[in-house]
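Okay, work.cif now, which holds mmCIF, C-alpha atoms and all ligand atoms:
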```cif
data_run
loop_
_atom_site.label_atom_id
_atom_site.label_comp_id
_atom_site.auth_asym_id
_atom_site.auth_seq_id
_atom_site.Cartn_x
_atom_site.Cartn_y
_atom_site.Cartn_z
CA MET A 1 -26.91 76.52 -48.61
CA SER A 2 -26.94 76.27 -52.35
CA ASN A 3 -29.98 77.81 -53.94
CA SER A 4 -30.25 77.55 -57.70
CA ASN A 5 -32.23 80.80 -57.90
CA ASN A 6 -29.50 82.59 -56.04
CA PRO A 7 -26.18 82.15 -57.83
CA ASN A 8 -24.39 84.83 -55.84
CA GLU A 9 -25.47 83.42 -52.50
CA ILE A 10 -26.91 86.79 -51.59
CA ILE A 11 -29.29 86.71 -48.67
CA TYR A 12 -31.94 89.25 -49.54
CA LEU A 13 -33.88 90.49 -46.52
CA ASP A 14 -34.86 93.90 -47.88
CA ASN A 15 -38.13 93.16 -49.65
CA ALA A 16 -39.76 96.33 -48.35
CA ALA A 17 -37.24 98.27 -50.47
CA THR A 18 -37.87 96.26 -53.62
CA THR A 19 -38.35 92.64 -54.72
CA ARG A 20 -37.01 90.30 -57.35
CA ILE A 21 -39.13 89.66 -60.44
CA SER A 22 -41.03 86.37 -60.16
CA PRO A 23 -40.84 83.74 -62.93
CA ALA A 24 -44.54 84.29 -63.78
CA VAL A 25 -43.96 88.04 -64.09
CA LEU A 26 -40.94 87.51 -66.32
CA ASN A 27 -43.03 85.25 -68.53
CA ALA A 28 -45.82 87.82 -68.76
CA ILE A 29 -43.42 90.64 -69.64
CA GLN A 30 -41.31 88.86 -72.26
CA PRO A 31 -43.53 89.08 -75.38
CA TYR A 32 -43.93 92.85 -74.96
CA LEU A 33 -40.18 93.38 -74.87
CA ASN A 34 -39.79 91.40 -78.09
CA GLU A 35 -42.31 91.06 -80.88
CA LEU A 36 -45.40 92.73 -79.34
CA TYR A 37 -44.12 96.29 -79.16
CA GLY A 38 -47.17 98.09 -80.58
CA ASN A 39 -48.49 101.34 -79.16
CA ALA A 40 -51.86 100.61 -77.51
CA SER A 41 -53.34 103.70 -79.21
CA SER A 42 -52.50 102.50 -82.75
CA LEU A 43 -55.29 101.11 -84.91
CA TYR A 44 -53.47 98.23 -86.65
CA SER A 45 -53.47 94.79 -85.11
CA LEU A 46 -50.01 95.10 -83.50
CA GLY A 47 -51.32 98.11 -81.55
CA ARG A 48 -54.64 96.43 -80.79
CA GLU A 49 -52.74 93.51 -79.31
CA SER A 50 -51.20 95.91 -76.77
CA ALA A 51 -54.57 97.53 -76.06
CA LYS A 52 -56.05 94.10 -75.42
CA THR A 53 -53.26 93.24 -72.98
CA LEU A 54 -53.76 96.54 -71.20
CA GLU A 55 -57.49 95.96 -70.70
CA LYS A 56 -56.98 92.33 -69.68
CA ALA A 57 -54.47 93.49 -67.03
CA ARG A 58 -56.97 96.05 -65.76
CA THR A 59 -59.75 93.45 -65.53
CA ASP A 60 -57.50 90.89 -63.80
CA ILE A 61 -56.28 93.40 -61.20
CA ALA A 62 -59.81 94.72 -60.60
CA GLU A 63 -60.94 91.19 -59.88
CA ALA A 64 -58.01 90.56 -57.52
CA ILE A 65 -58.59 93.71 -55.44
CA HIS A 66 -62.41 93.79 -55.77
CA CYS A 67 -63.18 96.94 -57.70
CA GLU A 68 -64.34 97.82 -61.23
CA PRO A 69 -61.81 97.90 -64.07
CA ARG A 70 -62.70 101.52 -64.84
CA GLU A 71 -61.63 102.48 -61.30
CA ILE A 72 -58.02 101.46 -61.98
CA PHE A 73 -55.53 103.91 -63.52
CA PHE A 74 -52.02 102.72 -64.27
CA THR A 75 -49.16 104.97 -63.18
CA SER A 76 -45.38 104.84 -62.86
CA GLY A 77 -45.57 103.56 -59.26
CA GLY A 78 -46.45 104.32 -55.68
CA SER A 79 -44.89 107.78 -55.60
CA GLU A 80 -46.83 109.01 -58.63
CA SER A 81 -50.08 107.51 -57.35
CA ASN A 82 -49.67 109.23 -53.98
CA ASN A 83 -48.78 112.54 -55.65
CA TRP A 84 -51.74 112.33 -57.99
CA ALA A 85 -54.34 111.38 -55.38
CA ILE A 86 -53.28 114.02 -52.89
CA LYS A 87 -52.53 116.94 -55.21
CA SER A 88 -55.64 116.48 -57.33
CA ALA A 89 -57.94 115.80 -54.38
CA ALA A 90 -56.55 118.94 -52.73
CA MET A 91 -57.58 120.96 -55.81
CA LEU A 92 -61.09 119.55 -55.61
CA ILE A 93 -61.59 120.13 -51.90
CA ALA A 94 -60.24 123.68 -52.19
CA LYS A 95 -63.09 124.38 -54.64
CA GLN A 96 -65.52 123.37 -51.88
CA GLY A 97 -63.79 125.76 -49.50
CA LYS A 98 -62.04 122.99 -47.56
CA LYS A 99 -58.38 123.56 -46.79
CA HIS A 100 -57.62 121.04 -44.07
CA ILE A 101 -55.97 117.63 -44.61
CA ILE A 102 -55.29 114.91 -42.03
CA THR A 103 -52.47 112.37 -42.24
CA SER A 104 -50.26 110.36 -39.89
CA ALA A 105 -46.82 111.27 -38.61
CA PHE A 106 -45.10 108.31 -40.31
CA GLU A 107 -46.28 108.30 -43.91
CA HIS A 108 -43.96 107.62 -46.83
CA HIS A 109 -42.13 110.72 -48.09
CA ALA A 110 -44.20 110.58 -51.28
CA VAL A 111 -47.09 111.63 -49.03
CA LEU A 112 -45.35 113.83 -46.46
CA HIS A 113 -43.40 115.92 -48.96
CA VAL A 114 -46.52 116.46 -51.08
CA LEU A 115 -48.37 117.66 -47.99
CA ALA A 116 -45.48 119.98 -47.07
CA GLY A 117 -45.83 121.53 -50.54
CA LEU A 118 -49.57 121.96 -50.08
CA GLU A 119 -48.99 123.68 -46.73
CA LYS A 120 -46.91 126.27 -48.54
CA GLN A 121 -49.90 126.84 -50.83
CA GLY A 122 -52.18 127.58 -47.89
CA PHE A 123 -53.53 124.17 -46.88
CA GLU A 124 -53.46 123.20 -43.23
CA VAL A 125 -52.22 119.71 -42.35
CA THR A 126 -52.70 117.74 -39.12
CA ALA A 127 -50.48 114.67 -38.56
CA LEU A 128 -52.03 112.16 -36.16
CA PRO A 129 -49.72 110.50 -33.62
CA VAL A 130 -48.84 106.80 -34.02
CA TYR A 131 -47.65 106.07 -30.46
CA LYS A 132 -45.08 103.47 -29.41
CA GLU A 133 -47.04 100.71 -31.21
CA GLY A 134 -46.94 102.50 -34.55
CA ILE A 135 -50.71 102.50 -35.01
CA VAL A 136 -53.11 105.38 -35.64
CA ARG A 137 -56.11 105.49 -33.29
CA VAL A 138 -59.61 105.89 -34.69
CA SER A 139 -60.52 108.13 -31.72
CA ASP A 140 -57.72 110.54 -32.69
CA LEU A 141 -59.11 110.84 -36.20
CA GLU A 142 -62.59 111.40 -34.82
CA LYS A 143 -61.29 114.18 -32.61
CA ALA A 144 -59.29 115.83 -35.42
CA LEU A 145 -62.31 115.72 -37.74
CA SER A 146 -64.49 117.39 -35.08
CA GLU A 147 -61.89 120.06 -34.40
CA HIS A 148 -61.47 120.79 -38.12
CA PRO A 149 -64.85 120.83 -39.87
CA ASP A 150 -63.11 122.13 -43.00
CA THR A 151 -61.29 118.79 -43.49
CA GLY A 152 -61.67 117.57 -47.06
CA LEU A 153 -59.12 114.76 -47.29
CA VAL A 154 -57.51 112.16 -45.04
CA THR A 155 -54.47 110.16 -46.19
CA ILE A 156 -53.20 107.33 -44.00
CA MET A 157 -51.07 104.38 -45.11
CA TYR A 158 -52.34 100.81 -44.84
CA VAL A 159 -48.99 99.29 -43.76
CA ASN A 160 -45.94 101.26 -42.69
CA ASN A 161 -42.91 100.54 -44.87
CA GLU A 162 -40.33 100.60 -42.06
CA ILE A 163 -42.04 98.80 -39.20
CA GLY A 164 -44.80 96.90 -41.03
CA THR A 165 -47.57 97.97 -38.65
CA ILE A 166 -51.12 97.67 -39.98
CA GLN A 167 -53.49 100.63 -39.71
CA PRO A 168 -57.27 100.20 -39.14
CA ILE A 169 -58.05 101.54 -42.62
CA SER A 170 -61.63 100.36 -43.05
CA GLU A 171 -62.66 101.94 -39.72
CA LEU A 172 -60.76 105.17 -40.39
CA ALA A 173 -62.17 105.40 -43.91
CA GLU A 174 -65.71 104.57 -42.81
CA LEU A 175 -65.55 107.45 -40.34
CA CYS A 176 -64.57 109.76 -43.18
CA ARG A 177 -67.21 108.37 -45.53
CA THR A 178 -70.02 109.15 -43.08
CA ARG A 179 -68.76 112.73 -42.83
CA GLY A 180 -68.29 113.31 -46.54
CA VAL A 181 -64.48 113.46 -46.26
CA TRP A 182 -62.35 111.73 -48.93
CA PHE A 183 -59.93 109.04 -47.85
CA HIS A 184 -56.72 107.96 -49.57
CA THR A 185 -54.54 105.06 -48.47
CA ASP A 186 -51.03 104.17 -49.58
CA ALA A 187 -51.42 100.37 -49.68
CA VAL A 188 -48.05 99.68 -51.32
CA GLN A 189 -46.77 97.55 -48.42
CA ALA A 190 -50.10 95.85 -47.79
CA LEU A 191 -50.55 93.94 -51.04
CA GLY A 192 -49.46 90.33 -50.74
CA ASN A 193 -49.08 90.61 -46.96
CA ILE A 194 -52.65 91.30 -45.83
CA PRO A 195 -55.92 91.35 -47.81
CA VAL A 196 -56.43 94.39 -50.04
CA ASN A 197 -60.16 94.27 -50.69
CA ILE A 198 -61.53 97.58 -51.92
CA GLU A 199 -65.13 96.57 -51.23
CA LYS A 200 -64.32 96.33 -47.54
CA LEU A 201 -61.96 99.29 -47.23
CA ASN A 202 -64.39 102.21 -47.82
CA VAL A 203 -61.62 104.26 -49.45
CA GLY A 204 -61.91 106.81 -52.25
CA PHE A 205 -58.31 106.38 -53.46
CA LEU A 206 -55.69 103.65 -53.02
CA SER A 207 -52.09 103.47 -54.26
CA LEU A 208 -50.18 100.33 -55.26
CA SER A 209 -46.70 99.74 -56.67
CA GLY A 210 -45.45 96.84 -58.80
CA HIS A 211 -41.88 96.46 -57.62
CA LYS A 212 -42.85 95.70 -54.01
CA VAL A 213 -44.74 92.60 -55.20
CA HIS A 214 -42.25 91.00 -57.63
CA ALA A 215 -43.19 93.08 -60.70
CA MET A 216 -41.01 95.63 -62.50
CA LYS A 217 -39.92 98.96 -61.11
CA GLY A 218 -41.73 101.91 -62.68
CA VAL A 219 -45.29 100.59 -62.71
CA GLY A 220 -48.15 100.99 -60.27
CA LEU A 221 -51.74 102.10 -60.06
CA LEU A 222 -54.15 104.46 -58.44
CA TYR A 223 -57.63 103.18 -57.63
CA VAL A 224 -60.15 106.02 -57.86
CA ASN A 225 -63.72 105.39 -56.72
CA LYS A 226 -66.02 105.74 -59.72
CA LYS A 227 -68.02 108.52 -58.04
CA ILE A 228 -64.97 110.81 -58.01
CA LEU A 229 -63.71 112.63 -61.09
CA LEU A 230 -60.06 113.18 -60.21
CA PRO A 231 -58.28 115.76 -62.41
CA ALA A 232 -55.18 114.45 -64.19
CA LEU A 233 -51.73 115.03 -62.74
CA ILE A 234 -49.83 114.05 -65.91
CA GLU A 235 -51.44 115.84 -68.85
CA GLY A 236 -51.01 115.10 -72.55
CA GLY A 237 -52.55 112.32 -74.64
CA ALA A 238 -55.85 110.58 -74.03
CA GLN A 239 -54.42 107.44 -72.41
CA GLU A 240 -56.22 106.06 -69.34
CA ARG A 241 -59.41 107.77 -70.57
CA GLY A 242 -57.66 111.12 -70.45
CA PHE A 243 -56.81 110.91 -66.77
CA ARG A 244 -53.15 109.88 -67.06
CA ALA A 245 -51.25 110.78 -70.21
CA GLY A 246 -48.24 108.91 -71.56
CA THR A 247 -47.81 105.84 -73.77
CA GLU A 248 -48.67 102.87 -71.61
CA ASN A 249 -45.91 100.66 -70.19
CA ILE A 250 -47.48 97.48 -71.61
CA ALA A 251 -44.67 95.14 -70.54
CA GLY A 252 -44.65 96.57 -67.04
CA ILE A 253 -48.44 96.48 -66.76
CA ALA A 254 -48.70 92.89 -68.05
CA GLY A 255 -46.12 91.88 -65.43
CA PHE A 256 -47.89 93.91 -62.75
CA ALA A 257 -51.16 92.05 -63.40
CA ALA A 258 -49.38 88.70 -63.10
CA ALA A 259 -47.74 89.89 -59.87
CA VAL A 260 -50.98 91.12 -58.30
CA LYS A 261 -52.70 87.81 -59.09
CA GLU A 262 -49.81 85.86 -57.57
CA ALA A 263 -49.63 88.12 -54.51
CA VAL A 264 -53.30 87.52 -53.74
CA ILE A 265 -53.29 83.79 -54.48
CA ASN A 266 -50.05 83.09 -52.58
CA MET A 267 -50.65 85.34 -49.57
CA GLU A 268 -51.80 82.72 -47.11
CA THR A 269 -49.18 80.10 -47.97
CA LYS A 270 -46.48 82.72 -47.87
CA ASN A 271 -47.58 83.98 -44.46
CA ALA A 272 -47.83 80.45 -43.09
CA LYS A 273 -44.27 79.84 -44.24
CA LEU A 274 -42.87 83.13 -42.92
CA LEU A 275 -44.53 83.08 -39.50
CA PRO A 276 -42.09 80.58 -37.93
CA PHE A 277 -39.17 82.43 -39.57
CA ARG A 278 -40.29 85.63 -37.91
CA GLU A 279 -40.67 83.91 -34.54
CA LYS A 280 -37.20 82.46 -34.84
CA LEU A 281 -35.71 85.84 -35.78
CA TYR A 282 -37.53 87.62 -32.99
CA ASN A 283 -36.66 85.09 -30.30
CA SER A 284 -32.97 84.96 -31.21
CA ILE A 285 -32.47 88.68 -31.69
CA MET A 286 -34.28 89.63 -28.48
CA LYS A 287 -31.79 87.47 -26.60
CA LEU A 288 -29.07 90.00 -27.42
CA GLU A 289 -28.75 92.70 -24.78
CA ARG A 290 -30.24 96.17 -25.14
CA VAL A 291 -32.22 95.53 -28.28
CA HIS A 292 -35.77 96.77 -28.84
CA LEU A 293 -38.48 95.81 -31.28
CA ASN A 294 -39.90 98.88 -33.02
CA GLY A 295 -43.69 98.85 -33.42
CA ASP A 296 -46.28 96.36 -32.24
CA TYR A 297 -45.37 92.69 -32.74
CA GLU A 298 -48.86 91.39 -33.53
CA GLN A 299 -50.40 94.20 -35.56
CA ARG A 300 -47.75 94.06 -38.26
CA THR A 301 -47.24 92.18 -41.50
CA ILE A 302 -45.62 88.79 -41.05
CA ASN A 303 -42.73 89.62 -43.38
CA ASN A 304 -41.40 92.50 -41.26
CA LEU A 305 -39.28 93.02 -38.16
CA ASN A 306 -37.53 96.23 -37.13
CA PHE A 307 -35.11 96.44 -34.21
CA SER A 308 -33.01 99.09 -32.55
CA PHE A 309 -29.64 98.12 -31.11
CA GLU A 310 -28.37 100.51 -28.47
CA GLY A 311 -24.82 101.76 -28.95
CA ILE A 312 -24.67 100.97 -32.69
CA GLU A 313 -24.96 102.99 -35.88
CA GLY A 314 -27.43 101.39 -38.29
CA GLU A 315 -25.21 102.21 -41.27
CA ALA A 316 -22.21 100.37 -39.78
CA LEU A 317 -24.40 97.36 -39.11
CA LEU A 318 -25.62 97.34 -42.72
CA LEU A 319 -22.11 97.58 -44.13
CA HIS A 320 -20.92 94.65 -42.06
CA LEU A 321 -23.96 92.59 -43.04
CA ASP A 322 -23.28 93.47 -46.67
CA LEU A 323 -19.73 92.13 -46.34
CA ALA A 324 -21.34 88.87 -45.21
CA GLY A 325 -23.61 88.90 -48.30
CA ILE A 326 -26.74 89.97 -46.46
CA CYS A 327 -29.01 92.78 -47.67
CA CYS A 328 -31.03 94.57 -44.98
CA SER A 329 -31.96 98.14 -44.39
CA SER A 330 -31.90 100.68 -41.64
CA GLY A 331 -35.11 102.64 -41.84
CA SER A 332 -36.21 103.12 -45.41
CA ALA A 333 -34.26 103.11 -48.66
CA CYS A 334 -35.19 106.76 -49.04
CA THR A 335 -33.49 107.96 -45.86
CA SER A 336 -30.34 105.90 -46.26
CA GLY A 337 -27.65 108.14 -47.59
CA SER A 338 -28.71 110.88 -45.21
CA LEU A 339 -27.62 110.97 -41.60
CA ASP A 340 -31.00 111.99 -40.24
CA PRO A 341 -32.65 109.30 -38.16
CA SER A 342 -35.82 107.85 -39.65
CA HIS A 343 -38.91 110.05 -39.21
CA VAL A 344 -40.87 106.82 -38.66
CA LEU A 345 -38.81 105.78 -35.64
CA LEU A 346 -38.86 109.32 -34.24
CA ALA A 347 -42.68 109.26 -34.60
CA LEU A 348 -42.71 106.20 -32.31
CA GLY A 349 -41.02 108.35 -29.68
CA LEU A 350 -37.57 106.78 -29.95
CA PRO A 351 -34.69 109.02 -28.85
CA HIS A 352 -32.32 110.00 -31.68
CA GLU A 353 -29.42 107.84 -30.51
CA ILE A 354 -31.60 104.73 -30.48
CA ALA A 355 -33.38 105.53 -33.74
CA HIS A 356 -29.91 105.62 -35.34
CA GLY A 357 -29.21 101.99 -34.50
CA SER A 358 -32.11 100.43 -36.33
CA LEU A 359 -32.33 97.40 -38.59
CA ARG A 360 -35.26 96.45 -40.81
CA ILE A 361 -35.62 92.84 -41.90
CA SER A 362 -38.23 92.25 -44.62
CA MET A 363 -38.81 88.77 -46.03
CA SER A 364 -40.56 87.48 -49.14
CA GLU A 365 -41.93 84.15 -50.30
CA TYR A 366 -38.44 83.43 -51.66
CA THR A 367 -36.85 83.67 -48.21
CA THR A 368 -35.59 80.29 -46.98
CA GLU A 369 -34.99 78.92 -43.50
CA ALA A 370 -31.32 78.38 -44.35
CA GLU A 371 -31.04 82.11 -45.06
CA ILE A 372 -32.61 83.00 -41.72
CA ASP A 373 -30.24 80.62 -39.95
CA ARG A 374 -27.22 82.10 -41.72
CA PHE A 375 -28.34 85.62 -40.84
CA LEU A 376 -28.75 84.65 -37.18
CA GLU A 377 -25.32 83.06 -37.22
CA VAL A 378 -23.65 86.23 -38.46
CA LEU A 379 -25.58 89.00 -36.67
CA PRO A 380 -24.49 88.58 -33.01
CA GLY A 381 -20.78 88.70 -33.93
CA ILE A 382 -21.26 91.93 -35.89
CA VAL A 383 -23.27 93.52 -33.08
CA LYS A 384 -20.57 92.61 -30.57
CA LYS A 385 -17.75 93.87 -32.77
CA LEU A 386 -19.45 97.22 -33.37
CA ARG A 387 -20.29 97.65 -29.70
CA ASP A 388 -16.71 96.86 -28.69
CA MET A 389 -15.60 99.77 -30.89
CA SER A 390 -18.37 102.14 -29.80
CA PRO A 391 -17.74 104.93 -27.28
CA LEU A 392 -21.51 105.24 -26.95
CA TRP A 393 -21.78 101.62 -25.86
CA GLU A 394 -19.19 102.23 -23.17
CA ILE A 395 -21.22 105.14 -21.84
CA ILE A 396 -24.44 103.09 -21.88
CA ASN A 397 -22.77 100.27 -20.01
CA THR A 398 -21.24 102.45 -17.34
CA ASN A 399 -24.64 104.14 -16.93
CA LEU A 400 -23.12 107.60 -17.14
CA SER A 401 -25.85 109.36 -18.99
CA LEU A 402 -28.08 107.33 -21.27
CA LYS A 403 -30.99 105.41 -19.90
CA ALA A 404 -32.72 102.58 -21.66
CA PHE A 405 -36.26 103.59 -22.55
C1 LIG A 501 -42.02 101.91 -52.02
C2 LIG A 501 -43.13 102.71 -51.45
C3 LIG A 501 -43.67 103.80 -52.14
C4 LIG A 501 -43.08 104.29 -53.44
O1 LIG A 501 -43.40 103.44 -54.51
P1 LIG A 501 -42.54 103.58 -55.86
O2 LIG A 501 -43.22 102.64 -56.79
O3 LIG A 501 -41.14 103.18 -55.52
O4 LIG A 501 -42.64 105.00 -56.29
C5 LIG A 501 -44.71 104.48 -51.57
N1 LIG A 501 -45.22 104.10 -50.40
C6 LIG A 501 -44.76 103.06 -49.71
C7 LIG A 501 -45.40 102.68 -48.41
C8 LIG A 501 -43.70 102.32 -50.21
O5 LIG A 501 -43.22 101.30 -49.50
#
```
Spit out the file's structure as structure tokens when you get a sec.
Ligand SMILES: *Cc1c(COP(=O)(O)O)cnc(C)c1O
Amino acid sequence: MSNSNNPNEIIYLDNAATTRISPAVLNAIQPYLNELYGNASSLYSLGRESAKTLEKARTDIAEAIHCEPREIFFTSGGSESNNWAIKSAAMLIAKQGKKHIITSAFEHHAVLHVLAGLEKQGFEVTALPVYKEGIVRVSDLEKALSEHPDTGLVTIMYVNNEIGTIQPISELAELCRTRGVWFHTDAVQALGNIPVNIEKLNVGFLSLSGHKVHAMKGVGLLYVNKKILLPALIEGGAQERGFRAGTENIAGIAGFAAAVKEAVINMETKNAKLLPFREKLYNSIMKLERVHLNGDYEQRTINNLNFSFEGIEGEALLLHLDLAGICCSSGSACTSGSLDPSHVLLALGLPHEIAHGSLRISMSEYTTEAEIDRFLEVLPGIVKKLRDMSPLWEIINTNLSLKAF
């Protein structure tokens, strides 16, 4: 299994946490780390070179996601974009006397924690259920909007980062558009996996992040519909037409543009390649006893699978996989390190003890069949070993208290 791109023989199946930089991105970044270091606001030609690169990146990305260049604002990533859209939109709707916001129960923490802060400031937040499938229902949004005529903003993610399920964004957003309610979507996990076409999505705001699509960490964007004047979150200089201060990350942005173009161009070939890998993973893993797939199988991005193994701690599973050179995740990178089960899995209705034994596999276009085979060779032995040591597994097997759901 020698792979020249992979000198350490690491099998990386955690692409929802972050991705490697692609060769095209590295190429695009390089000049701005070396000789082209000018500040895009400077008037001499070294600065103008950076300004040109910045505007070219904006135009290229606008073309790839079907919006106008002036509707794209570069940020430091998905978290900042979510913070900006929600906090600033909340300020605007409050001025119209609207204090109600609707979201889903399994958003990224960069949405949920912002909303928790707004609740403390007097906003009211409704979180729509996502059911066992991990999908928001349009009828639930319709009902919540009717029950709360003072709703000013709805924020629902396009693709969930733990279970990969796809939300019906254009329908949800269209419903909001007809009622004069703003709609934001966190589309960080959608780009490169499913089409991100702003013309068809009906959204007012949309967040993207570079490092989930083979660009650098620390760069992203917020799309803001041109009809909305969104107050700045980061104040200071006049960068990004005064809407987002701070000297622009030209290297990061140049790489981001290359990554977005690649993600859009390569999407179909990548999905065609990954589909049989996912089927193979699913069929083999479901043969193990007492294992459950989390979230709908069909309505999810092709790169993602998320399982729960009864009688096992997700952390122990990850550590053993790591010893075998395999990188996976249990829940999201943000919750690892804490012992709380994932809020996403709890939102699906999983009991705590099952939510604890979860494993997320997320592939990229660099994933190979040999890697999938190796993973499937190693996993059953680890599962067996951990279950043999687990008092919980013994209880499950003797049917004393826990029931399979
Ligand atoms: C990774 C991620 C974010 C955060 O993006 P950063 O660029 O790391 O700040 C937000 N939302 C989702 C769905 C993500 O997967």
Name the residues in contact with Glu279 of chain A at a cut-off of 10 Å, using all atoms listed in the file, excluding same-chain residues fewer than 5 positions from it; report them as a short mmCIF file (atom, residue, chain, number, x, y, z; two decimals) with C-alpha atoms, in the coordinates of the input.
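See selection.cif below for the written result:
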```
data_model
loop_
_atom_site.label_atom_id
_atom_site.label_comp_id
_atom_site.auth_asym_id
_atom_site.auth_seq_id
_atom_site.Cartn_x
_atom_site.Cartn_y
_atom_site.Cartn_z
CA LEU A 274 -42.87 83.13 -42.92
CA SER A 284 -32.97 84.96 -31.21
CA ILE A 285 -32.47 88.68 -31.69
CA ILE A 302 -45.62 88.79 -41.05
CA LEU A 305 -39.28 93.02 -38.16
#
```
Centre and edge lengths of an axis-aligned box around all listed atoms of segment 173-183 of chain A, with 8 Å added on each side, are to be given in Å to one decimal, as lines of an AutoDock Vina configuration file.
```
center_x = -65.0
center_y = 109.0
center_z = -44.6
size_x = 26.1
size_y = 24.9
size_z = 24.6
```
Contacts of Phe123 of chain A at 9 Å (all atoms listed in the file; same-chain gap of 4+ positions) as a list in words: Ala90, Ala94, Lys98, Lys99, His100, Ile101, Leu115, Gly117, Leu118 and Glu119 of chain A
Please compute the atom CA of Thr247 of chain A-atom CA of Ser50 of chain A distance, one decimal, in Å. 10.9 Å
Please identify all polymer residues within 10 Å of segment 234-239 of chain A, counting only C-alpha atoms, omitting same-chain residues fewer than 6 positions from it, and present them as a PDB file with C-alpha atoms, in the coordinates of the input.
```pdb
ATOM      1  CA  ALA A  40     -51.860 100.610 -77.510  1.00  0.00           C
ATOM      2  CA  SER A  41     -53.340 103.700 -79.210  1.00  0.00           C
ATOM      3  CA  PHE A  73     -55.530 103.910 -63.520  1.00  0.00           C
ATOM      4  CA  PHE A  74     -52.020 102.720 -64.270  1.00  0.00           C
ATOM      5  CA  THR A  75     -49.160 104.970 -63.180  1.00  0.00           C
ATOM      6  CA  GLU A  80     -46.830 109.010 -58.630  1.00  0.00           C
ATOM      7  CA  TRP A  84     -51.740 112.330 -57.990  1.00  0.00           C
ATOM      8  CA  ALA A 245     -51.250 110.780 -70.210  1.00  0.00           C
ATOM      9  CA  GLY A 246     -48.240 108.910 -71.560  1.00  0.00           C
ATOM     10  CA  THR A 247     -47.810 105.840 -73.770  1.00  0.00           C
ATOM     11  CA  GLU A 248     -48.670 102.870 -71.610  1.00  0.00           C
TER      12      GLU A 248
END
```
Collect all residues with atoms no farther than 6 Å from ligand LIG 501 (chain A), counting all atoms listed in the file, and output them as a PDB file with C-alpha atoms, in the frame of the given file.
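Written out: selection.pdb:
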```pdb
ATOM      1  CA  GLY A  77     -45.570 103.560 -59.260  1.00  0.00           C
ATOM      2  CA  GLY A  78     -46.450 104.320 -55.680  1.00  0.00           C
ATOM      3  CA  SER A  79     -44.890 107.780 -55.600  1.00  0.00           C
ATOM      4  CA  HIS A 108     -43.960 107.620 -46.830  1.00  0.00           C
ATOM      5  CA  ASN A 160     -45.940 101.260 -42.690  1.00  0.00           C
ATOM      6  CA  ASN A 161     -42.910 100.540 -44.870  1.00  0.00           C
ATOM      7  CA  ASP A 186     -51.030 104.170 -49.580  1.00  0.00           C
ATOM      8  CA  VAL A 188     -48.050  99.680 -51.320  1.00  0.00           C
ATOM      9  CA  GLN A 189     -46.770  97.550 -48.420  1.00  0.00           C
ATOM     10  CA  SER A 209     -46.700  99.740 -56.670  1.00  0.00           C
TER      11      SER A 209
END
```
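Of the listed residues A:Thr368, A:Thr155, A:Ser342, A:Thr103, the one whose atoms come nearest to Ala355 of chain A is A:Ser342, with distances taken using all atoms listed in the file.
Put simply, atom CA of Ala232 of chain A is 15.7 Å away from atom CA of Gly204 of chain A.
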With segment 346-350 of chain A as the partner and 12 Å as the cut-off, tabulate the residues of segment 301-321 of chain A that qualify, each row holding the nearest pair of atoms and their distance in Å to one decimal, using only C-alpha atoms, sorted by chain and rising number, as JSON lines.
```
{"residue": "A:Phe307", "atom": "CA", "partner": "A:Leu350", "partner_atom": "CA", "distance": 11.5}
{"residue": "A:Ser308", "atom": "CA", "partner": "A:Leu350", "partner_atom": "CA", "distance": 9.3}
{"residue": "A:Phe309", "atom": "CA", "partner": "A:Leu350", "partner_atom": "CA", "distance": 11.8}
{"residue": "A:Glu310", "atom": "CA", "partner": "A:Leu350", "partner_atom": "CA", "distance": 11.2}
```
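Residue neighbourhood of Trp182 of chain A, excluding near-sequence residues (fewer than 3 positions): Ala89, Ile93, Thr151, Gly152, Leu153, Val154, Thr155, Ala173, Cys176, Arg177, Arg179, Val203, Gly204 and Phe205 of chain A, at 9 Å, using all atoms listed in the file.
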Let me see the file: selected residues, C-alpha atoms, as a short mmCIF file (atom, residue, chain, number, x, y, z; two decimals), in the frame of the given file.
```cif
data_model
loop_
_atom_site.label_atom_id
_atom_site.label_comp_id
_atom_site.auth_asym_id
_atom_site.auth_seq_id
_atom_site.Cartn_x
_atom_site.Cartn_y
_atom_site.Cartn_z
CA ALA A 89 -57.94 115.80 -54.38
CA ILE A 93 -61.59 120.13 -51.90
CA THR A 151 -61.29 118.79 -43.49
CA GLY A 152 -61.67 117.57 -47.06
CA LEU A 153 -59.12 114.76 -47.29
CA VAL A 154 -57.51 112.16 -45.04
CA THR A 155 -54.47 110.16 -46.19
CA ALA A 173 -62.17 105.40 -43.91
CA CYS A 176 -64.57 109.76 -43.18
CA ARG A 177 -67.21 108.37 -45.53
CA ARG A 179 -68.76 112.73 -42.83
CA VAL A 203 -61.62 104.26 -49.45
CA GLY A 204 -61.91 106.81 -52.25
CA PHE A 205 -58.31 106.38 -53.46
#
```
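In this model, the gap between atom CA of Asn303 of chain A and atom CA of Phe277 of chain A comes to 8.9 Å.
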Nearby residues (all atoms listed in the file) at most 12 Å from Leu201 of chain A, same-chain spacing under 6 positions excluded, as a PyMOL selection string: chain A and resi 65-67+158+167-177+183-185+187+195+223+225
